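Structure, as structure tokens:
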Amino acid sequence: MNPAPTIALREATAADAAALAGLHAQSWRGFYRGMMSDAYLDGDIGAERAAFWANALASPPPGQAVIVAESDGALAGFVHLHADHDPTWGSYVHALHVAAAFQGRGIGARLMDAVGEWCERHGTRGGVWLWVLEPNAPARAFYERIGARNAERDVWEAPDGGRVPKFRYAWPSPQALRAGAGQATGTPT
């Protein structure tokens, strides 16, 4: 039996762009199949994600945080945050992805706890929120398990030209997010 991997969290640097792009594309291909066209998912989304991450990390906007989870130098997951993004809802989690080999080990909850901690440390205003595609039942169940409430329904204009129903999941504060994430990992915050 293999021991559980040691996971270290840190803020991303420009040197992480290629690894982030690779995991982001892999995750979309695995979880968005049936929500986005096969032609798009089987196309060169790796290059599209590489351009996105190179830009996001080379010239980050104010309030952006990208936190990576690593195991022995390998990217296990990441979360991408825009602090104080919306005056009503607060800080926006743009993306959370965990590599397939590391799923089910609490890494997503640890990354979301890191979002709450980052927001507390930087004095953000309001809550924390994100969009989840309606057909992505595993992601919706995960966010509910860590204390998010489904606040509203909308439609995502996907990059492949499709339209996919989405839900806004929200926590009223970074502290509420940390409490929920801590319950999921068994680590009180």
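Note on naming: chains are A, B, ... as they come in the structure tokens, residues start from 1 per chain, ligands start from 1 in the order shown.
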Can I get the residues of region 98-160 of chain A within 9 Å of region 21-45 of chain A, each with the closest pair of atoms and their distance in Å to one decimal, using only C-alpha atoms, sorted chain first then ascending number, as JSON lines?
{"residue": "A:Val98", "atom": "CA", "partner": "A:Ser27", "partner_atom": "CA", "distance": 7.8}
{"residue": "A:Ala99", "atom": "CA", "partner": "A:Leu23", "partner_atom": "CA", "distance": 6.5}
{"residue": "A:Ala100", "atom": "CA", "partner": "A:Ser27", "partner_atom": "CA", "distance": 8.0}
{"residue": "A:Leu133", "atom": "CA", "partner": "A:Met35", "partner_atom": "CA", "distance": 8.4}
{"residue": "A:Pro135", "atom": "CA", "partner": "A:Met35", "partner_atom": "CA", "distance": 7.3}
{"residue": "A:Asn136", "atom": "CA", "partner": "A:Phe31", "partner_atom": "CA", "distance": 7.2}
{"residue": "A:Ala158", "atom": "CA", "partner": "A:Met36", "partner_atom": "CA", "distance": 7.2}
{"residue": "A:Pro159", "atom": "CA", "partner": "A:Tyr40", "partner_atom": "CA", "distance": 8.4}
{"residue": "A:Asp160", "atom": "CA", "partner": "A:Tyr40", "partner_atom": "CA", "distance": 5.9}
Item to complete: Identify, on the basis of only C-alpha atoms, every residue whose closest approach to Val66 (chain A) does not exceed 10 Å; exclude the query and any residue fewer than 3 positions from it along the same chain; express the result as an NGL selection string.
Response: :A and (10-13 or 16 or 20 or 56-57 or 60 or 78-82 or 93-96 or 111 or 115)
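If only C-alpha atoms are the atoms counted, then among A:Glu134, A:His122, A:Ile7, A:Ala83 the closest residue to Ser71 (chain A) is A:Ile7.
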Discussion item. Write out as an MDAnalysis selection string the set of residues from region 33-69 of chain A that DSSP, computed on the backbone, places in helix (DSSP H, G or I).
Written reply: chainID A and resid 38:42 45:58
Fill in: Closest of A:Ala14, A:Ala54, A:Cys119, A:Ala139 to Gln103 (chain A) - atom-to-atom distances counting only C-alpha atoms
A:Ala139
Worksheet item: So which one's closest to Asn150 (chain A), A:Arg178, A:His97, A:Lys166, A:Arg105? Using only C-alpha atoms, please.
Response: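 Result for the nearest residue to Asn150 (chain A): A:Lys166.
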Worksheet item: So which bits of chain A end up strand (DSSP E) when you DSSP the backbone, as a PyMOL selection string?
Response: chain A and resi 8-11+64-71+74-86+90-98+128-133+149-157+163-171
Output for the residues just chosen: C-alpha atoms as a compact mmCIF listing (two decimals), in the first residue's frame:
# COMPACT_ATOMS: atom_id res chain seq x y z
CA ALA A 8 2.54 21.37 -0.23
CA LEU A 9 0.62 24.53 -1.10
CA ARG A 10 2.24 27.66 -2.52
CA GLU A 11 1.39 30.62 -4.74
CA GLN A 64 -5.41 37.64 -8.41
CA ALA A 65 -4.16 34.62 -6.51
CA VAL A 66 -3.22 31.27 -7.99
CA ILE A 67 -2.44 28.63 -5.39
CA VAL A 68 -0.94 25.31 -6.44
CA ALA A 69 -0.83 21.99 -4.61
CA GLU A 70 2.29 19.93 -5.28
CA SER A 71 3.41 16.44 -4.41
CA ALA A 74 4.31 17.31 -9.44
CA LEU A 75 1.24 19.53 -9.83
CA ALA A 76 -1.59 17.90 -7.89
CA GLY A 77 -4.09 20.76 -8.26
CA PHE A 78 -4.66 24.49 -8.30
CA VAL A 79 -7.18 27.20 -7.53
CA HIS A 80 -7.49 30.59 -9.26
CA LEU A 81 -9.03 33.49 -7.33
CA HIS A 82 -10.01 37.09 -8.14
CA ALA A 83 -10.39 38.99 -4.87
CA ASP A 84 -13.29 41.44 -4.44
CA HIS A 85 -14.46 40.64 -7.97
CA ASP A 86 -18.12 41.48 -7.42
CA GLY A 90 -17.27 39.13 -3.12
CA SER A 91 -14.22 37.17 -4.25
CA TYR A 92 -14.55 34.92 -7.30
CA VAL A 93 -13.00 31.47 -7.62
CA HIS A 94 -12.43 31.24 -11.37
CA ALA A 95 -11.10 27.67 -11.41
CA LEU A 96 -10.39 24.73 -9.12
CA HIS A 97 -8.86 21.60 -10.63
CA VAL A 98 -7.27 18.53 -9.08
CA VAL A 128 -16.59 33.90 -1.84
CA TRP A 129 -18.33 32.47 -4.88
CA LEU A 130 -17.90 30.48 -8.09
CA TRP A 131 -19.83 29.11 -11.04
CA VAL A 132 -20.46 25.36 -11.43
CA LEU A 133 -21.90 23.84 -14.58
CA ARG A 149 -25.18 27.25 -1.07
CA ASN A 150 -26.61 27.23 -4.56
CA ALA A 151 -27.56 30.90 -4.92
CA GLU A 152 -28.79 31.23 -8.50
CA ARG A 153 -28.95 29.72 -11.98
CA ASP A 154 -27.61 31.27 -15.18
CA VAL A 155 -26.16 30.15 -18.52
CA TRP A 156 -22.50 29.82 -19.50
CA GLU A 157 -21.58 30.92 -23.00
CA ARG A 163 -24.68 27.25 -23.88
CA VAL A 164 -24.56 25.31 -20.61
CA PRO A 165 -26.69 25.97 -17.52
CA LYS A 166 -24.60 26.97 -14.50
CA PHE A 167 -25.14 27.65 -10.81
CA ARG A 168 -23.57 30.28 -8.60
CA TYR A 169 -22.33 28.61 -5.42
CA ALA A 170 -21.51 30.99 -2.57
CA TRP A 171 -20.20 31.24 0.97
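In terms of minimum interatomic distance to Gly104 (chain A), A:Pro138 ranks closest within A:Pro174, A:Pro138, A:Gly116, A:Gly127, counting only C-alpha atoms.
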